[in-house]
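model_21.csv (CSV, C-alpha atoms) appears below.
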```csv
chain,number,residue,atom,x,y,z
A,902,MET,CA,7.4,-97.4,53.0
A,903,ALA,CA,5.2,-98.0,56.0
A,904,GLN,CA,2.0,-99.9,55.4
A,905,THR,CA,-1.2,-98.1,56.2
A,906,LEU,CA,-4.8,-99.3,56.2
A,907,LEU,CA,-7.0,-97.8,53.6
A,908,MET,CA,-10.3,-96.2,54.9
A,909,PRO,CA,-10.0,-97.6,58.4
A,910,LYS,CA,-13.5,-96.6,59.5
A,911,ALA,CA,-15.1,-98.2,56.5
A,912,THR,CA,-13.0,-101.3,57.1
A,913,ALA,CA,-14.2,-101.4,60.7
A,914,VAL,CA,-17.8,-101.2,59.5
A,915,TRP,CA,-17.2,-104.3,57.3
A,916,LEU,CA,-15.4,-106.2,60.0
A,917,VAL,CA,-18.2,-105.5,62.5
A,918,ASP,CA,-20.9,-106.7,60.1
A,919,ASN,CA,-19.1,-109.7,58.6
A,920,THR,CA,-16.8,-111.2,61.3
A,921,ALA,CA,-16.8,-112.4,64.9
A,922,LEU,CA,-13.8,-110.4,65.9
A,923,SER,CA,-13.8,-108.5,69.2
A,924,PHE,CA,-14.1,-104.8,69.4
A,925,GLU,CA,-10.5,-104.6,70.7
A,926,GLN,CA,-9.2,-106.5,67.7
A,927,ILE,CA,-11.0,-104.4,65.2
A,928,ALA,CA,-10.0,-101.2,67.1
A,929,THR,CA,-6.3,-102.2,67.1
A,930,PHE,CA,-6.3,-103.2,63.4
A,931,CYS,CA,-8.2,-100.0,62.3
A,932,LYS,CA,-6.4,-97.7,64.8
A,933,LEU,CA,-9.7,-96.7,66.4
A,934,HIS,CA,-11.0,-96.6,70.0
A,935,PRO,CA,-12.9,-99.7,71.2
A,936,LEU,CA,-15.8,-97.5,72.2
A,937,GLU,CA,-16.0,-96.1,68.7
A,938,VAL,CA,-16.1,-99.6,67.3
A,939,LYS,CA,-18.8,-100.4,69.8
A,940,ALA,CA,-20.8,-97.4,68.7
A,941,ILE,CA,-20.5,-98.6,65.1
A,942,ALA,CA,-21.9,-102.0,66.1
A,943,ASP,CA,-24.8,-100.3,68.0
A,944,GLY,CA,-25.6,-98.2,65.0
A,945,GLU,CA,-24.7,-94.9,66.7
A,946,ALA,CA,-21.7,-94.1,64.6
A,947,ALA,CA,-20.7,-94.4,60.9
A,948,GLN,CA,-24.3,-94.8,59.8
A,949,GLY,CA,-23.6,-93.3,56.3
A,950,ILE,CA,-20.3,-95.2,55.7
A,951,LYS,CA,-20.4,-98.2,53.4
A,952,GLY,CA,-18.2,-101.1,54.6
A,953,LEU,CA,-15.0,-101.8,52.8
A,954,ASP,CA,-13.9,-105.4,52.4
A,955,PRO,CA,-10.2,-105.6,53.4
A,956,ILE,CA,-10.0,-109.1,51.8
A,957,ALA,CA,-11.0,-107.7,48.4
A,958,THR,CA,-8.5,-104.9,48.7
A,959,GLY,CA,-5.7,-107.3,49.6
A,960,GLN,CA,-5.1,-105.8,53.0
A,961,LEU,CA,-6.3,-108.7,55.1
A,962,SER,CA,-6.4,-112.5,54.4
A,963,ARG,CA,-9.3,-114.8,55.2
A,964,ASP,CA,-6.9,-117.0,57.2
A,965,GLU,CA,-5.9,-114.0,59.3
A,966,ILE,CA,-9.5,-113.3,60.2
A,967,VAL,CA,-10.2,-116.9,61.1
A,968,ARG,CA,-7.1,-116.9,63.3
A,969,GLY,CA,-8.3,-113.8,65.0
A,970,GLU,CA,-11.8,-115.2,65.6
A,971,GLY,CA,-10.3,-118.2,67.2
A,972,ASN,CA,-8.0,-116.3,69.5
A,973,PRO,CA,-9.3,-113.0,71.1
A,974,ASN,CA,-5.7,-112.0,72.0
A,975,HIS,CA,-4.5,-112.3,68.4
A,976,LYS,CA,-3.6,-109.0,66.7
A,977,LEU,CA,-4.5,-108.8,63.0
A,978,LYS,CA,-1.7,-108.1,60.6
A,979,LEU,CA,-1.8,-106.3,57.3
A,980,SER,CA,-1.1,-108.5,54.3
A,981,GLU,CA,2.1,-107.7,52.3
A,982,PRO,CA,1.2,-105.6,49.3
A,983,LYS,CA,1.7,-107.3,45.9
A,984,VAL,CA,2.9,-104.0,44.4
A,985,ARG,CA,4.9,-101.4,46.2
A,986,VAL,CA,4.4,-97.9,45.0
A,987,PRO,CA,7.3,-95.6,45.8
A,988,GLU,CA,6.6,-92.5,47.8
A,989,SER,CA,6.3,-89.4,45.6
A,990,LYS,CA,8.5,-86.5,46.7
A,991,ARG,CA,7.1,-83.1,46.1
A,992,ARG,CA,9.3,-81.0,43.9
A,993,GLY,CA,8.9,-77.4,42.9
A,994,PRO,CA,6.7,-74.8,44.4
A,995,ARG,CA,3.9,-75.6,46.9
A,996,TYR,CA,0.5,-76.2,45.3
A,997,THR,CA,-1.9,-73.4,46.0
A,998,PRO,CA,-5.7,-73.7,45.7
A,999,VAL,CA,-7.3,-71.7,42.9
A,1000,SER,CA,-9.4,-69.7,45.4
A,1001,LYS,CA,-6.2,-68.4,47.1
A,1002,ARG,CA,-3.9,-67.8,44.2
A,1003,GLN,CA,-5.0,-64.2,43.9
A,1004,ASP,CA,-3.7,-63.6,47.5
A,1005,ARG,CA,-0.1,-64.8,46.6
A,1006,PRO,CA,1.2,-61.4,45.5
A,1007,ASN,CA,0.1,-59.8,48.7
A,1008,ALA,CA,1.8,-62.6,50.7
A,1009,ILE,CA,5.0,-62.2,48.7
A,1010,LEU,CA,5.0,-58.5,49.3
A,1011,TRP,CA,4.6,-59.1,53.1
A,1012,LEU,CA,7.5,-61.6,53.1
A,1013,VAL,CA,9.8,-59.3,51.1
A,1014,ARG,CA,9.2,-56.4,53.5
A,1015,ASN,CA,9.2,-58.3,56.8
A,1016,HIS,CA,11.7,-61.1,56.1
A,1017,ALA,CA,14.3,-59.7,53.8
A,1018,GLU,CA,16.6,-62.5,54.8
A,1019,LEU,CA,14.5,-65.1,53.0
A,1020,LYS,CA,15.8,-66.3,49.6
A,1021,ASP,CA,13.6,-66.4,46.6
A,1022,ALA,CA,13.6,-70.2,46.7
A,1023,GLN,CA,12.3,-70.1,50.3
A,1024,ILE,CA,9.5,-67.7,49.4
A,1025,SER,CA,8.6,-69.9,46.5
A,1026,ARG,CA,8.3,-73.0,48.8
A,1027,LEU,CA,6.1,-71.1,51.2
A,1028,VAL,CA,3.5,-69.6,49.0
A,1029,GLY,CA,3.9,-71.6,45.7
A,1030,THR,CA,5.2,-69.0,43.3
A,1031,THR,CA,8.0,-68.4,40.8
A,1032,LYS,CA,11.2,-66.5,41.1
A,1033,SER,CA,10.2,-64.1,38.3
A,1034,THR,CA,7.0,-63.1,40.2
A,1035,ILE,CA,9.0,-62.5,43.4
A,1036,GLU,CA,11.5,-60.3,41.5
A,1037,GLN,CA,8.7,-58.3,39.9
A,1038,ILE,CA,7.1,-57.6,43.2
A,1039,ARG,CA,10.4,-56.7,44.8
A,1040,ASP,CA,11.3,-54.3,42.0
A,1041,ARG,CA,7.7,-52.9,41.9
A,1042,THR,CA,7.4,-54.0,38.2
A,1043,HIS,CA,4.5,-56.3,38.8
A,1044,TRP,CA,1.4,-55.5,36.7
A,1045,ASN,CA,-0.7,-55.0,39.8
A,1046,SER,CA,1.9,-53.4,42.1
A,1047,ALA,CA,-0.2,-50.3,42.7
A,1048,ASN,CA,-3.0,-52.4,44.3
A,1049,LEU,CA,-0.9,-54.8,46.4
A,1050,THR,CA,-1.3,-54.8,50.1
A,1051,PRO,CA,1.2,-56.7,52.4
A,1052,MET,CA,-0.7,-59.6,54.1
A,1053,ASP,CA,0.6,-62.4,56.3
A,1054,PRO,CA,0.7,-65.7,54.3
A,1055,VAL,CA,-0.2,-67.6,57.5
A,1056,THR,CA,-3.4,-65.5,57.9
A,1057,LEU,CA,-4.2,-66.1,54.3
A,1058,GLY,CA,-3.8,-69.8,54.7
A,1059,LEU,CA,-1.0,-70.1,52.1
A,1060,CYS,CA,1.4,-71.7,54.6
A,1061,SER,CA,1.6,-72.7,58.3
A,1062,GLN,CA,3.3,-70.7,61.0
A,1063,ILE,CA,5.6,-73.7,61.6
A,1064,ASP,CA,6.8,-73.7,57.9
A,1065,LEU,CA,7.4,-69.9,58.1
A,1066,ASP,CA,9.3,-70.1,61.3
A,1067,LEU,CA,11.4,-72.9,59.9
A,1068,GLU,CA,12.4,-71.0,56.7
A,1069,VAL,CA,13.2,-67.9,58.7
A,1070,GLU,CA,15.4,-69.9,61.1
A,1071,ARG,CA,17.2,-71.5,58.1
A,1072,ALA,CA,17.8,-68.1,56.5
A,1073,SER,CA,19.1,-66.6,59.8
A,1074,ARG,CA,21.7,-69.3,60.4
A,1075,GLY,CA,24.4,-67.9,58.2
A,1076,ARG,CA,23.7,-64.2,58.9
A,1077,PRO,CA,26.5,-62.3,60.5
A,1078,LEU,CA,26.0,-60.6,63.9
A,1079,PRO,CA,25.0,-57.0,63.8
A,1080,THR,CA,27.9,-54.5,63.7
A,1081,ALA,CA,28.6,-51.7,66.2
A,1082,GLU,CA,27.3,-49.1,63.7
A,1083,GLU,CA,24.0,-51.0,63.4
A,1084,LEU,CA,23.6,-51.2,67.2
A,1085,ASP,CA,24.4,-47.5,67.6
A,1086,ALA,CA,21.6,-46.7,65.1
A,1087,THR,CA,19.0,-48.1,67.6
A,1088,LEU,CA,20.6,-47.9,71.1
A,1089,GLN,CA,22.8,-45.3,72.7
A,1090,PRO,CA,26.1,-46.4,74.3
A,1091,ALA,CA,26.0,-46.9,78.0
A,1092,ALA,CA,28.8,-44.2,78.5
A,1093,GLN,CA,26.4,-41.6,77.1
A,1094,THR,CA,23.4,-42.6,79.1
A,1095,GLU,CA,25.4,-42.9,82.4
A,1096,GLY,CA,26.8,-39.3,82.0
A,1097,LEU,CA,23.5,-37.6,82.0
A,1098,ASP,CA,23.0,-35.1,84.9
A,1099,PHE,CA,19.7,-35.8,86.7
A,1100,ASN,CA,20.3,-33.2,89.5
A,1101,TYR,CA,18.1,-30.6,88.0
A,1102,GLN,CA,15.5,-28.6,89.8
A,1103,ARG,CA,12.0,-28.5,88.3
A,1104,GLU,CA,10.3,-25.1,88.0
A,1105,GLU,CA,7.5,-26.0,90.2
A,1106,GLU,CA,9.8,-27.4,92.9
A,1107,LYS,CA,11.8,-24.2,93.4
A,1108,GLU,CA,11.8,-22.6,96.9
A,1109,ILE,CA,8.9,-20.2,97.3
A,1110,ASP,CA,9.7,-16.7,98.5
A,1111,ALA,CA,6.9,-15.8,101.0
A,1112,ASP,CA,7.6,-12.1,101.1
A,1113,ALA,CA,7.4,-11.8,97.4
A,1114,VAL,CA,4.1,-13.6,97.4
A,1115,PHE,CA,2.5,-11.4,100.1
A,1116,ALA,CA,3.8,-8.3,98.4
A,1117,LYS,CA,2.2,-9.3,95.1
A,1118,LEU,CA,-1.1,-10.0,96.9
A,1119,ALA,CA,-1.0,-6.6,98.7
A,1120,SER,CA,-0.5,-4.8,95.4
A,1121,LEU,CA,-3.4,-6.7,93.8
A,1122,LYS,CA,-5.7,-5.8,96.8
A,1123,SER,CA,-4.7,-2.1,96.7
A,1124,SER,CA,-5.4,-1.9,93.0
A,1125,LYS,CA,-8.8,-3.4,93.5
A,1126,ASN,CA,-9.7,-0.9,96.2
A,1127,ASP,CA,-8.7,2.0,93.9
A,1128,ASP,CA,-11.0,0.6,91.3
A,1129,ASP,CA,-13.9,0.4,93.7
A,1130,GLU,CA,-13.4,4.1,94.8
A,1131,GLU,CA,-13.5,5.3,91.2
A,1132,ASP,CA,-16.7,3.4,90.7
A,1133,ASP,CA,-18.3,5.0,93.8
A,1134,ARG,CA,-17.5,8.5,92.5
A,1135,PHE,CA,-19.8,7.8,89.5
```
Would you write the structure of this file as structure tokens?
Amino acid sequence: MAQTLLMPKATAVWLVDNTALSFEQIATFCKLHPLEVKAIADGEAAQGIKGLDPIATGQLSRDEIVRGEGNPNHKLKLSEPKVRVPESKRRGPRYTPVSKRQDRPNAILWLVRNHAELKDAQISRLVGTTKSTIEQIRDRTHWNSANLTPMDPVTLGLCSQIDLDLEVERASRGRPLPTAEELDATLQPAAQTEGLDFNYQREEEKEIDADAVFAKLASLKSSKNDDDEEDDRF
């Protein structure tokens, strides 16, 4: 397990106030920028942070501090912890905050509809639920099924886009390639599309017969004159 410094900024505050270490030494030890350490020394940063004594917490020895004060090029080293705590491995579903637990059924419905390739265990890891709840939502037997609305779990903040993409990629690895029947359901074969006859003549592009047009205009004009004569009689 890699050693990490507890509360680095609070430790930097204590080292600035209680030692003669350089800003670079403190910045390297606390993994901060030297300008940030300088701002702490000038009172421009970390004003509300109480210093944490690394000697009291067992993360730095007094001899190591004295060695660093005597040599500006010396890099401080963390002390070996007296007790090693093993890293805890998360098992089971992801923890979901209480304020977002009411959104889980909507997220499950979205995943079931949009990513049918996901297994129940994957959905459980993404949104922190149980397999029985997933089955109830999939079978529409959930007590609130009538009021559920599919919602993206990433938008709801139940999981990250990276986690969702990773689970979808894992689920798609073992899926077989689409069959010819599935492709035909969405795309027409090239043989059918290439055989279409595009040498058709649009109605408005047909050749205009000039004689027929003038004859029609003449008949309209004569009928109009006849109407005018009848009006003059009255």
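Nearest to Arg963 in chain A of all the residues A:Ala940, A:Gln926, A:Asp1066, A:Thr920 is A:Thr920, based on only C-alpha atoms.
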Interatomic distance (Å, one decimal) between CA of Lys932 in chain A and CA of Thr912 in chain A:
10.8 Å
Name the residues in contact with Pro973 in chain A at a cut-off of 12 Å, using only C-alpha atoms, excluding same-chain residues fewer than 2 positions from it; report them as a ChimeraX atom specification.
/A:921-927,929,966-971,975-977
Which residues are close to Gln960 in chain A, i.e. within 6 Å by all atoms listed in the file, leaving aside same-chain residues fewer than 4 positions away? Reply as a list in words.
Pro955, Leu979 and Ser980 of chain A
Would you mind exporting C-alpha atoms of the selected residues as an mmCIF file, keeping the file's coordinate frame?
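Result written to selection_39.cif:
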```
data_model
loop_
_atom_site.group_PDB
_atom_site.id
_atom_site.type_symbol
_atom_site.label_atom_id
_atom_site.label_comp_id
_atom_site.auth_asym_id
_atom_site.auth_seq_id
_atom_site.Cartn_x
_atom_site.Cartn_y
_atom_site.Cartn_z
ATOM 1 C CA PRO A 955 -10.200 -105.600 53.400
ATOM 2 C CA LEU A 979 -1.800 -106.300 57.300
ATOM 3 C CA SER A 980 -1.100 -108.500 54.300
#
```
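What separates CA of Leu953 in chain A from CA of Ala911 in chain A is a distance of 5.2 Å.
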Students should find that CA of Ala947 in chain A and CA of Ala913 in chain A are spaced 9.6 Å
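Closest approach to Lys1020 in chain A from the set A:Arg1071, A:Cys1060, A:Ile1038, A:Asn1007 is made by A:Arg1071, with distances taken over only C-alpha atoms.
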